[in-house]
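> File protein00.txt follows (compact mmCIF, C-alpha atoms):
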```
# COMPACT_ATOMS: atom_id res chain seq x y z
CA MET A 1 -7.68 -4.29 17.60
CA GLN A 2 -11.10 -5.45 16.48
CA PHE A 3 -11.97 -6.40 12.93
CA ASP A 4 -15.44 -7.27 11.81
CA PHE A 5 -16.01 -8.84 8.41
CA ASP A 6 -19.18 -9.44 6.41
CA GLU A 7 -20.05 -10.27 2.82
CA SER A 8 -20.44 -6.69 1.60
CA ALA A 9 -17.09 -6.47 -0.16
CA PRO A 10 -13.98 -8.56 -0.83
CA LEU A 11 -12.10 -9.37 2.35
CA TYR A 12 -8.99 -7.39 1.36
CA GLN A 13 -11.12 -4.30 0.77
CA GLN A 14 -12.78 -4.60 4.17
CA LEU A 15 -9.41 -5.10 5.80
CA ALA A 16 -8.08 -1.97 4.09
CA ASP A 17 -11.17 0.06 5.04
CA GLN A 18 -11.00 -0.96 8.67
CA LEU A 19 -7.27 -0.32 8.95
CA GLU A 20 -7.87 3.08 7.39
CA GLU A 21 -10.56 3.79 9.96
CA MET A 22 -8.12 2.84 12.74
CA ILE A 23 -5.53 5.22 11.34
CA PHE A 24 -8.11 7.97 11.01
CA SER A 25 -9.43 7.57 14.54
CA GLY A 26 -5.88 7.63 15.93
CA GLY A 27 -5.73 3.92 16.73
CA PHE A 28 -2.32 4.03 15.06
CA ASP A 29 -0.26 7.20 15.38
CA GLU A 30 1.45 8.67 12.37
CA GLY A 31 4.93 7.29 12.05
CA SER A 32 4.08 4.26 14.15
CA GLN A 33 4.26 0.69 12.99
CA VAL A 34 1.13 -1.22 12.05
CA PRO A 35 0.91 -4.99 12.60
CA SER A 36 2.76 -7.00 9.98
CA THR A 37 1.09 -9.14 7.35
CA THR A 38 2.33 -12.12 9.33
CA GLN A 39 0.78 -10.95 12.59
CA LEU A 40 -2.53 -10.03 10.99
CA SER A 41 -2.93 -13.18 8.99
CA GLN A 42 -2.08 -15.38 11.97
CA GLN A 43 -4.34 -13.51 14.31
CA LEU A 44 -7.30 -13.29 11.95
CA HIS A 45 -6.71 -16.63 10.14
CA ILE A 46 -6.69 -14.85 6.83
CA ASN A 47 -4.62 -15.96 3.88
CA PRO A 48 -1.41 -13.86 3.83
CA ALA A 49 -1.99 -12.98 0.17
CA THR A 50 -5.32 -11.41 1.13
CA VAL A 51 -3.80 -9.39 3.96
CA LEU A 52 -1.01 -8.19 1.70
CA LYS A 53 -3.53 -7.10 -0.93
CA GLY A 54 -5.38 -5.05 1.69
CA MET A 55 -2.16 -3.46 2.96
CA ASN A 56 -1.12 -2.59 -0.57
CA ILE A 57 -4.33 -0.65 -1.09
CA LEU A 58 -3.28 1.62 1.76
CA VAL A 59 0.26 1.87 0.39
CA ALA A 60 -1.18 2.91 -2.96
CA LYS A 61 -3.33 5.52 -1.19
CA ASP A 62 -0.17 6.85 0.39
CA LEU A 63 -1.33 6.09 3.92
CA LEU A 64 1.17 3.34 4.74
CA GLU A 65 4.80 2.99 3.77
CA LYS A 66 6.97 -0.04 3.66
CA ARG A 67 10.32 0.30 5.35
CA ARG A 68 12.62 -2.37 4.07
CA GLY A 69 13.33 -5.01 6.67
CA LEU A 70 11.34 -3.19 9.33
CA GLY A 71 7.69 -3.43 8.33
CA MET A 72 4.74 -1.18 7.55
CA PHE A 73 4.40 2.29 9.06
CA VAL A 74 1.71 4.96 9.06
CA LYS A 75 2.87 7.80 6.85
CA LYS A 76 3.19 11.35 8.12
CA GLY A 77 0.09 13.30 7.16
CA ALA A 78 -2.02 10.15 6.75
CA GLN A 79 -4.86 11.41 8.97
CA GLN A 80 -5.04 14.67 7.09
CA LYS A 81 -5.09 12.77 3.81
CA ILE A 82 -7.96 10.56 4.92
CA MET A 83 -9.82 13.65 6.10
CA GLU A 84 -9.45 15.25 2.67
CA GLN A 85 -10.51 12.11 0.85
CA ARG A 86 -13.57 11.79 3.04
CA LYS A 87 -14.53 15.42 2.54
CA GLU A 88 -14.32 14.84 -1.17
CA SER A 89 -16.57 11.81 -1.05
CA PHE A 90 -18.94 13.41 1.45
CA TYR A 91 -21.03 14.85 -1.36
CA ASN A 92 -21.36 11.51 -3.15
CA ASP A 93 -21.73 9.37 -0.06
CA TYR A 94 -24.09 11.51 1.98
CA VAL A 95 -25.46 14.63 0.29
CA LYS A 96 -26.55 12.88 -2.90
CA SER A 97 -28.35 10.04 -1.14
CA LEU A 98 -29.89 12.51 1.29
CA LEU A 99 -31.37 14.51 -1.58
CA ILE A 100 -32.56 11.42 -3.42
CA GLU A 101 -34.36 10.09 -0.35
CA ALA A 102 -35.78 13.53 0.44
CA GLY A 103 -37.09 13.73 -3.11
CA LYS A 104 -38.84 10.37 -2.74
CA LEU A 105 -40.48 11.51 0.48
CA GLY A 106 -41.48 14.90 -0.94
CA ILE A 107 -39.40 16.78 1.61
CA THR A 108 -38.81 20.36 0.48
CA LYS A 109 -35.51 22.21 0.63
CA GLN A 110 -36.79 24.44 3.44
CA HIS A 111 -37.92 21.42 5.41
CA LEU A 112 -34.45 19.88 4.92
CA LEU A 113 -32.78 23.00 6.24
CA ASP A 114 -35.11 22.92 9.24
CA LEU A 115 -34.16 19.31 9.85
CA ILE A 116 -30.46 20.15 9.73
CA GLU A 117 -31.04 22.88 12.32
CA ARG A 118 -32.96 20.46 14.45
CA GLY A 119 -30.08 18.01 14.17
CA GLU A 120 -27.63 20.61 15.37
CA LYS A 121 -29.58 20.94 18.58
CA ASP A 122 -30.05 17.22 19.01
CA GLU A 123 -28.17 16.09 22.08
CA SER A 124 -28.13 12.47 20.96
CA ILE A 125 -25.84 13.55 18.09
CA ASN A 126 -23.69 16.20 19.74
CA GLY A 127 -23.95 15.16 23.34
CA MET B 1 9.05 -25.72 -7.09
CA ASN B 2 6.78 -27.07 -9.77
CA GLN B 3 3.11 -27.31 -10.56
CA LEU B 4 1.16 -30.43 -9.82
CA THR B 5 -1.18 -31.29 -12.65
CA VAL B 6 -4.13 -33.63 -12.55
CA LYS B 7 -4.97 -34.77 -16.06
CA ASN B 8 -8.22 -36.33 -17.24
CA LEU B 9 -8.52 -38.45 -14.14
CA VAL B 10 -11.20 -41.15 -14.19
CA LYS B 11 -11.89 -43.60 -11.40
CA LYS B 12 -14.50 -46.32 -11.76
CA TYR B 13 -15.48 -49.12 -9.42
CA ARG B 14 -17.29 -51.69 -11.54
CA HIS B 15 -20.32 -49.72 -12.72
CA THR B 16 -19.88 -46.70 -10.48
CA THR B 17 -17.94 -43.68 -11.68
CA VAL B 18 -16.37 -41.92 -8.70
CA LEU B 19 -14.28 -39.41 -10.63
CA ASP B 20 -15.34 -38.34 -14.09
CA ASP B 21 -12.60 -36.73 -16.18
CA ILE B 22 -11.03 -34.48 -13.57
CA SER B 23 -8.37 -31.97 -14.59
CA PHE B 24 -6.85 -29.10 -12.64
CA THR B 25 -3.53 -27.67 -11.58
CA LEU B 26 -2.11 -26.99 -8.14
CA GLU B 27 0.31 -24.08 -8.11
CA PRO B 28 3.31 -24.02 -5.78
CA ALA B 29 2.88 -22.23 -2.43
CA LYS B 30 -0.86 -21.68 -2.47
CA ILE B 31 -3.62 -22.67 -0.06
CA TYR B 32 -6.50 -24.46 -1.75
CA GLY B 33 -9.93 -25.41 -0.52
CA LEU B 34 -11.27 -28.67 -1.98
CA LEU B 35 -14.98 -28.63 -1.32
CA GLY B 36 -17.57 -31.26 -2.00
CA ARG B 37 -20.49 -32.95 -0.36
CA ASN B 38 -20.11 -36.33 1.25
CA GLY B 39 -19.54 -38.93 -1.43
CA ALA B 40 -18.50 -36.39 -4.07
CA GLY B 41 -15.15 -38.17 -4.44
CA LYS B 42 -12.80 -35.87 -2.49
CA THR B 43 -11.06 -38.66 -0.59
CA THR B 44 -10.68 -40.80 -3.71
CA LEU B 45 -9.18 -37.84 -5.53
CA LEU B 46 -6.65 -37.14 -2.76
CA ASN B 47 -5.77 -40.82 -2.55
CA ILE B 48 -5.04 -40.93 -6.25
CA ILE B 49 -2.93 -37.77 -6.17
CA SER B 50 -0.81 -39.29 -3.40
CA ASN B 51 -0.60 -42.62 -5.24
CA ARG B 52 -2.46 -44.64 -2.60
CA LEU B 53 -5.04 -45.52 -5.22
CA PHE B 54 -4.69 -46.01 -8.95
CA PRO B 55 -6.88 -44.18 -11.41
CA THR B 56 -8.82 -46.06 -14.08
CA SER B 57 -7.33 -43.63 -16.55
CA GLY B 58 -5.59 -40.27 -16.58
CA ASP B 59 -2.61 -39.29 -14.46
CA VAL B 60 -1.04 -36.96 -11.94
CA GLN B 61 2.11 -35.12 -12.92
CA ILE B 62 4.69 -32.88 -11.34
CA ALA B 63 6.73 -30.85 -13.81
CA GLY B 64 5.29 -32.95 -16.62
CA GLU B 65 6.36 -36.28 -15.09
CA ASP B 66 3.93 -38.95 -13.94
CA VAL B 67 4.11 -39.37 -10.16
CA ASN B 68 2.93 -42.96 -10.30
CA ASN B 69 5.64 -45.14 -8.71
CA ASN B 70 8.08 -42.25 -8.92
CA ASP B 71 9.52 -42.08 -5.39
CA ALA B 72 11.34 -38.81 -5.95
CA LEU B 73 8.12 -37.09 -6.96
CA LEU B 74 5.93 -38.84 -4.41
CA SER B 75 8.19 -37.59 -1.64
CA LYS B 76 6.92 -34.11 -2.51
CA ILE B 77 3.32 -35.11 -1.76
CA PHE B 78 1.98 -35.81 1.72
CA LEU B 79 -1.57 -36.90 2.51
CA MET B 80 -3.11 -36.56 5.94
CA SER B 81 -6.12 -38.83 5.79
CA GLU B 82 -8.92 -40.01 8.01
CA VAL B 83 -7.84 -43.62 7.93
CA ASN B 84 -5.28 -44.78 10.41
CA LEU B 85 -2.33 -46.34 8.67
CA TYR B 86 -0.10 -46.77 11.70
CA PRO B 87 0.53 -50.06 13.50
CA ARG B 88 -1.48 -50.49 16.72
CA GLU B 89 1.38 -50.07 19.15
CA MET B 90 2.89 -47.00 17.55
CA LYS B 91 3.49 -43.91 19.68
CA ILE B 92 2.94 -40.36 18.45
CA ASN B 93 6.70 -39.72 18.55
CA GLN B 94 7.27 -42.71 16.30
CA THR B 95 4.89 -41.31 13.67
CA PHE B 96 7.27 -38.34 13.53
CA ASP B 97 10.19 -40.68 12.89
CA LEU B 98 8.21 -42.40 10.18
CA ALA B 99 7.56 -39.11 8.40
CA ASP B 100 11.23 -38.22 8.81
CA ALA B 101 12.29 -41.53 7.28
CA ALA B 102 9.95 -41.16 4.32
CA TYR B 103 10.32 -37.43 3.58
CA GLY B 104 13.54 -36.38 5.34
CA ASP B 105 14.16 -33.18 7.32
CA PHE B 106 11.14 -33.56 9.58
CA ASP B 107 10.71 -30.41 11.69
CA TYR B 108 10.99 -31.94 15.17
CA ASP B 109 11.16 -28.54 16.87
CA LEU B 110 7.82 -27.55 15.43
CA ALA B 111 6.31 -30.97 16.14
CA ASN B 112 7.39 -30.89 19.78
CA ARG B 113 6.04 -27.38 20.22
CA LEU B 114 2.74 -28.44 18.64
CA LEU B 115 2.45 -31.40 21.02
CA LYS B 116 2.15 -28.84 23.81
CA THR B 117 -0.22 -26.65 21.79
CA PHE B 118 -2.55 -29.59 21.26
CA GLU B 119 -1.99 -30.94 24.77
CA LEU B 120 -0.66 -34.30 23.66
CA ASP B 121 1.89 -36.66 25.16
CA GLY B 122 4.40 -37.81 22.56
CA ASP B 123 4.68 -41.18 24.27
CA ALA B 124 0.95 -41.87 24.00
CA LYS B 125 -0.05 -44.67 21.68
CA VAL B 126 -1.96 -43.53 18.61
CA THR B 127 -4.53 -46.26 19.07
CA ASN B 128 -5.46 -45.00 22.55
CA LEU B 129 -6.21 -41.46 21.42
CA SER B 130 -9.69 -39.95 21.10
CA THR B 131 -10.86 -38.88 17.64
CA GLY B 132 -9.90 -35.27 18.27
CA GLN B 133 -6.51 -36.20 19.69
CA ARG B 134 -5.80 -38.48 16.76
CA THR B 135 -6.67 -35.69 14.35
CA ALA B 136 -4.37 -33.35 16.28
CA SER B 137 -1.49 -35.84 16.13
CA LYS B 138 -1.96 -36.14 12.36
CA ILE B 139 -2.10 -32.38 11.97
CA ILE B 140 1.25 -32.13 13.72
CA VAL B 141 2.82 -34.57 11.25
CA ALA B 142 1.21 -32.76 8.30
CA LEU B 143 2.54 -29.36 9.39
CA ALA B 144 6.03 -30.59 10.25
CA VAL B 145 6.58 -32.95 7.33
CA ASN B 146 8.93 -31.85 4.58
CA ALA B 147 6.67 -31.95 1.50
CA GLU B 148 5.82 -29.39 -1.17
CA TYR B 149 2.22 -30.55 -1.48
CA VAL B 150 0.39 -31.23 1.74
CA LEU B 151 -3.11 -32.64 1.29
CA LEU B 152 -5.38 -32.54 4.33
CA ASP B 153 -8.50 -34.69 4.19
CA GLU B 154 -11.03 -33.45 6.77
CA PRO B 155 -8.27 -31.95 8.92
CA ILE B 156 -10.54 -30.73 11.72
CA LEU B 157 -12.47 -33.91 12.37
CA GLY B 158 -13.33 -34.07 16.08
CA LEU B 159 -11.24 -31.03 17.03
CA ASP B 160 -12.78 -28.72 19.61
CA ALA B 161 -13.04 -24.98 18.97
CA ASN B 162 -9.76 -24.16 20.73
CA HIS B 163 -7.78 -26.69 18.78
CA ARG B 164 -9.37 -25.68 15.48
CA GLU B 165 -8.31 -22.13 16.24
CA ALA B 166 -4.80 -23.36 17.03
CA PHE B 167 -4.69 -25.36 13.81
CA TYR B 168 -5.66 -22.38 11.61
CA GLN B 169 -3.09 -20.21 13.33
CA GLU B 170 -0.29 -22.76 13.02
CA LEU B 171 -1.17 -23.44 9.41
CA VAL B 172 -0.85 -19.78 8.47
CA LYS B 173 2.35 -19.51 10.48
CA THR B 174 4.17 -22.42 8.90
CA TYR B 175 2.84 -21.43 5.48
CA GLN B 176 4.43 -18.01 5.88
CA GLU B 177 7.70 -19.33 7.19
CA LYS B 178 7.97 -21.98 4.49
CA PRO B 179 5.53 -21.36 1.64
CA ARG B 180 4.21 -24.62 0.18
CA THR B 181 0.93 -25.86 -1.16
CA PHE B 182 -1.85 -26.95 1.17
CA VAL B 183 -5.11 -28.50 0.05
CA LEU B 184 -7.84 -28.37 2.69
CA SER B 185 -10.56 -30.84 1.89
CA THR B 186 -13.58 -30.24 4.07
CA HIS B 187 -17.26 -29.50 4.25
CA LEU B 188 -16.77 -27.02 7.13
CA ILE B 189 -16.53 -24.15 4.72
CA GLU B 190 -17.27 -21.17 6.89
CA GLU B 191 -14.16 -21.66 8.98
CA ILE B 192 -11.71 -22.02 6.12
CA GLN B 193 -13.12 -19.36 3.81
CA GLN B 194 -10.58 -16.75 4.87
CA LEU B 195 -7.66 -19.13 4.69
CA VAL B 196 -7.93 -20.30 1.13
CA GLU B 197 -6.81 -18.45 -1.94
CA HIS B 198 -8.23 -20.80 -4.53
CA VAL B 199 -11.30 -23.02 -4.51
CA LEU B 200 -12.00 -26.34 -6.20
CA ILE B 201 -15.55 -27.67 -5.95
CA LEU B 202 -16.17 -31.32 -6.67
CA ASP B 203 -19.78 -32.18 -7.38
CA GLN B 204 -21.36 -35.20 -9.02
CA HIS B 205 -17.85 -36.57 -9.60
CA LYS B 206 -16.74 -33.57 -11.63
CA ILE B 207 -14.90 -30.32 -10.86
CA ILE B 208 -17.56 -27.65 -11.27
CA VAL B 209 -15.57 -24.68 -9.95
CA ASP B 210 -11.83 -24.01 -10.23
CA ASP B 211 -11.35 -20.36 -9.39
CA GLY B 212 -9.72 -17.84 -7.07
CA LEU B 213 -11.80 -17.15 -3.98
CA ASP B 214 -12.02 -13.42 -4.66
CA SER B 215 -13.15 -13.72 -8.24
CA MET B 216 -15.60 -16.43 -7.25
CA LEU B 217 -17.21 -14.38 -4.50
CA ALA B 218 -17.26 -11.34 -6.77
CA LYS B 219 -19.78 -13.21 -8.91
CA ALA B 220 -21.99 -14.21 -5.98
CA TYR B 221 -24.80 -11.67 -5.82
CA THR B 222 -28.24 -11.59 -4.29
CA ILE B 223 -30.71 -9.49 -6.23
CA SER B 224 -33.94 -8.74 -4.41
CA GLY B 225 -36.96 -6.55 -4.91
CA PRO B 226 -40.37 -6.58 -6.59
CA THR B 227 -40.73 -9.80 -8.61
CA LYS B 228 -41.22 -8.18 -11.99
CA LEU B 229 -38.21 -5.88 -11.67
CA VAL B 230 -35.97 -8.67 -10.38
CA ASP B 231 -37.03 -10.98 -13.20
CA ASP B 232 -36.18 -8.31 -15.75
CA TYR B 233 -32.86 -7.55 -14.16
CA VAL B 234 -31.64 -11.15 -13.87
CA ALA B 235 -32.77 -12.22 -17.33
CA GLY B 236 -29.93 -14.13 -18.95
CA LEU B 237 -27.88 -14.39 -15.75
CA LYS B 238 -27.05 -17.67 -14.03
CA VAL B 239 -29.57 -17.97 -11.19
CA LEU B 240 -28.78 -20.62 -8.56
CA LYS B 241 -31.74 -20.17 -6.28
CA THR B 242 -34.89 -18.11 -5.94
CA GLU B 243 -36.84 -17.19 -2.83
CA LEU B 244 -40.24 -15.56 -2.84
CA MET B 245 -41.72 -13.71 0.11
CA GLY B 246 -44.95 -11.92 -0.66
CA ASN B 247 -44.21 -9.90 -3.73
CA ILE B 248 -40.50 -9.67 -2.99
CA LYS B 249 -38.23 -11.97 -4.89
CA THR B 250 -34.64 -12.76 -3.96
CA THR B 251 -32.41 -14.48 -6.49
CA TYR B 252 -28.95 -15.85 -5.87
CA ILE B 253 -26.79 -15.15 -8.89
CA PHE B 254 -23.46 -16.70 -9.80
CA ASP B 255 -22.44 -14.56 -12.73
CA ASP B 256 -20.91 -11.25 -13.75
CA LEU B 257 -23.44 -8.44 -13.67
CA ASP B 258 -23.97 -6.37 -16.76
CA ASP B 259 -22.68 -2.87 -16.00
CA GLN B 260 -24.81 -1.43 -18.75
CA ARG B 261 -28.07 -2.72 -17.33
CA PRO B 262 -29.70 -0.02 -15.19
CA ILE B 263 -30.53 -1.08 -11.63
CA PRO B 264 -34.07 -0.06 -10.64
CA ASP B 265 -34.37 1.89 -7.37
CA GLN B 266 -36.37 -0.76 -5.56
CA VAL B 267 -33.90 -3.51 -6.41
CA LYS B 268 -31.20 -4.28 -3.85
CA ILE B 269 -27.92 -5.94 -4.73
CA ASN B 270 -25.74 -7.67 -2.15
CA HIS B 271 -23.11 -10.35 -1.90
CA TYR B 272 -23.40 -13.71 -0.19
CA ASP B 273 -20.77 -16.03 1.26
CA LEU B 274 -18.90 -19.14 0.12
CA GLN B 275 -20.93 -21.46 2.33
CA HIS B 276 -24.18 -20.52 0.62
CA LEU B 277 -22.63 -20.41 -2.80
CA PHE B 278 -21.41 -23.96 -2.21
CA ILE B 279 -24.81 -25.16 -1.02
CA TYR B 280 -26.68 -23.68 -3.98
CA LEU B 281 -24.12 -24.92 -6.50
CA THR B 282 -24.19 -28.47 -5.20
CA ASP B 283 -27.84 -28.73 -4.25
CA GLY B 284 -28.80 -30.83 -7.26
CA GLY B 285 -28.63 -34.20 -5.54
CA GLU B 286 -28.05 -37.30 -7.65
CA LYS B 287 -29.31 -36.77 -11.16
```
Please render this file's structure as structure tokens.

Amino acid sequence: MQFDFDESAPLYQQLADQLEEMIFSGGFDEGSQVPSTTQLSQQLHINPATVLKGMNILVAKDLLEKRRGLGMFVKKGAQQKIMEQRKESFYNDYVKSLLIEAGKLGITKQHLLDLIERGEKDESING
Amino acid sequence: MNQLTVKNLVKKYRHTTVLDDISFTLEPAKIYGLLGRNGAGKTTLLNIISNRLFPTSGDVQIAGEDVNNNDALLSKIFLMSEVNLYPREMKINQTFDLADAAYGDFDYDLANRLLKTFELDGDAKVTNLSTGQRTASKIIVALAVNAEYVLLDEPILGLDANHREAFYQELVKTYQEKPRTFVLSTHLIEEIQQLVEHVLILDQHKIIVDDGLDSMLAKAYTISGPTKLVDDYVAGLKVLKTELMGNIKTTYIFDDLDDQRPIPDQVKINHYDLQHLFIYLTDGGEK
């Protein structure tokens, strides 16, 4: 388990994001237990309150569930849920900024479509 | 458990003011970072809180009662300090007994386990230890002592990377098992940033920041871009430092940004870390 923190966002947010990514990529199976607040804070030397805050973000997003006395577990359907959330934000996160940058560079719609086709054939992306 | 309150503390030595009207509160079961440059008064402050020094005026209270000469209250406060208070011939094991006698319920199991972690021999004399070993032996006492407020003055002095790592891990562990208040006084900020929940910055003998780490860092922004645009955007905000490279200006802000103010395309906004925030906040030198 590898975490990598920078100054881009509060620590608890980065922790939540990276745990979410691990769930999404199958690093933790649905129904399986994730490391406890205790384990994470000891391993990463992060204040337990911070770790808990990060975990609670994922509980609020319905990706983790607390089982009393046992610990935190990945909820059934969590991967699917993350997939849906990401599809929803795909437009804002990628399409919008793509169009804004294209506009700045004077790239036409047809040119953009050509570029997308080129990308589909690009082995460095699909290979 | 109760709050520890520092009230209008002043400490003067003849004509020098070391602490100038210091007030703050330590909450139960929280990890604090006490940051300050050398000579800012951190050690004096910790010595006064633990009643090793007397203030010129002001006081330290727990649950509204002055701790001065109050043994019951002072037994809630432990200070791990740089100075060596033990007799020359004392062995590490005996420092455990001393802490047990003064505070009761010393956690010998933990202490003995930590001796192995820090590769120390309990029968070694404190005076024969290297700086790093002496620090480690004090850390063991500080983590195993039965006190609600544990103050650590430069707790990683001379420790190598492995032992610093071990210290951070053991600190978090014992904090989780038995929540109590720790104050880490240090200038090695980068390493403790993730451990502390609340930050106190002592500068020029005054407390200039008393804030939660998250809310503090949330106000630490760098704004960079073309000079004119950056100047317009940061007008009225608290700017700590400015860097100019060609026509690109970078300002370090410590303030809330105005959500209503539009951000020009060419202007980039980022966050920066506690270490730099500390440096820029305390970079004034003696005024």
> For the atom pair atom CA of B:Gln61 and atom CA of B:Lys30, what is the interatomic distance in Å to one decimal place?
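These atoms are spaced 17.3 Å apart.
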> Counting only C-alpha atoms, collect the residues of chain B whose closest atom lies at most 9 Å from chain A, and write them out as an NGL selection string.
:B and (31 or 165 or 168-173 or 175-176 or 192-197 or 214 or 217-218 or 270-273)
> Need to verify the contact set: A:Gln79, 10 Å, all atoms listed in the file, exclusion of same-chain residues closer than 6 positions in sequence. Can you return it as a list in words?
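Contacts, in chain order: Glu20, Glu21, Met22, Ile23, Phe24, Ser25, Gly26, Phe28, Asp29, Glu30, Leu63 and Gln85 of chain A.
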> So that I can see what lies close to B:Val60, please list as a ChimeraX atom specification the residues with an atom at most 9 Å from it, counting only C-alpha atoms and leaving out residues fewer than 4 positions away in the same chain.
/B:4-9,48-51,64-68
> Have a look at A:Ile125, A:Val34, A:Leu19, A:Leu70 and name the one nearest to A:Gly54; count all atoms listed in the file.
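Result for the nearest residue to A:Gly54: A:Leu19.
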> Go through A:Glu120, A:Asp93, A:Asp62, A:Asp114 and flag the residue nearest A:Lys75, using all atoms listed in the file for the distances.
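Going through A:Glu120, A:Asp93, A:Asp62, A:Asp114 one by one, the smallest distance to A:Lys75 is for A:Asp62.
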> Could you jot down the atom CA of B:Asp210 to atom CA of B:Ile253 separation for me, Å, one decimal place?
17.4 Å
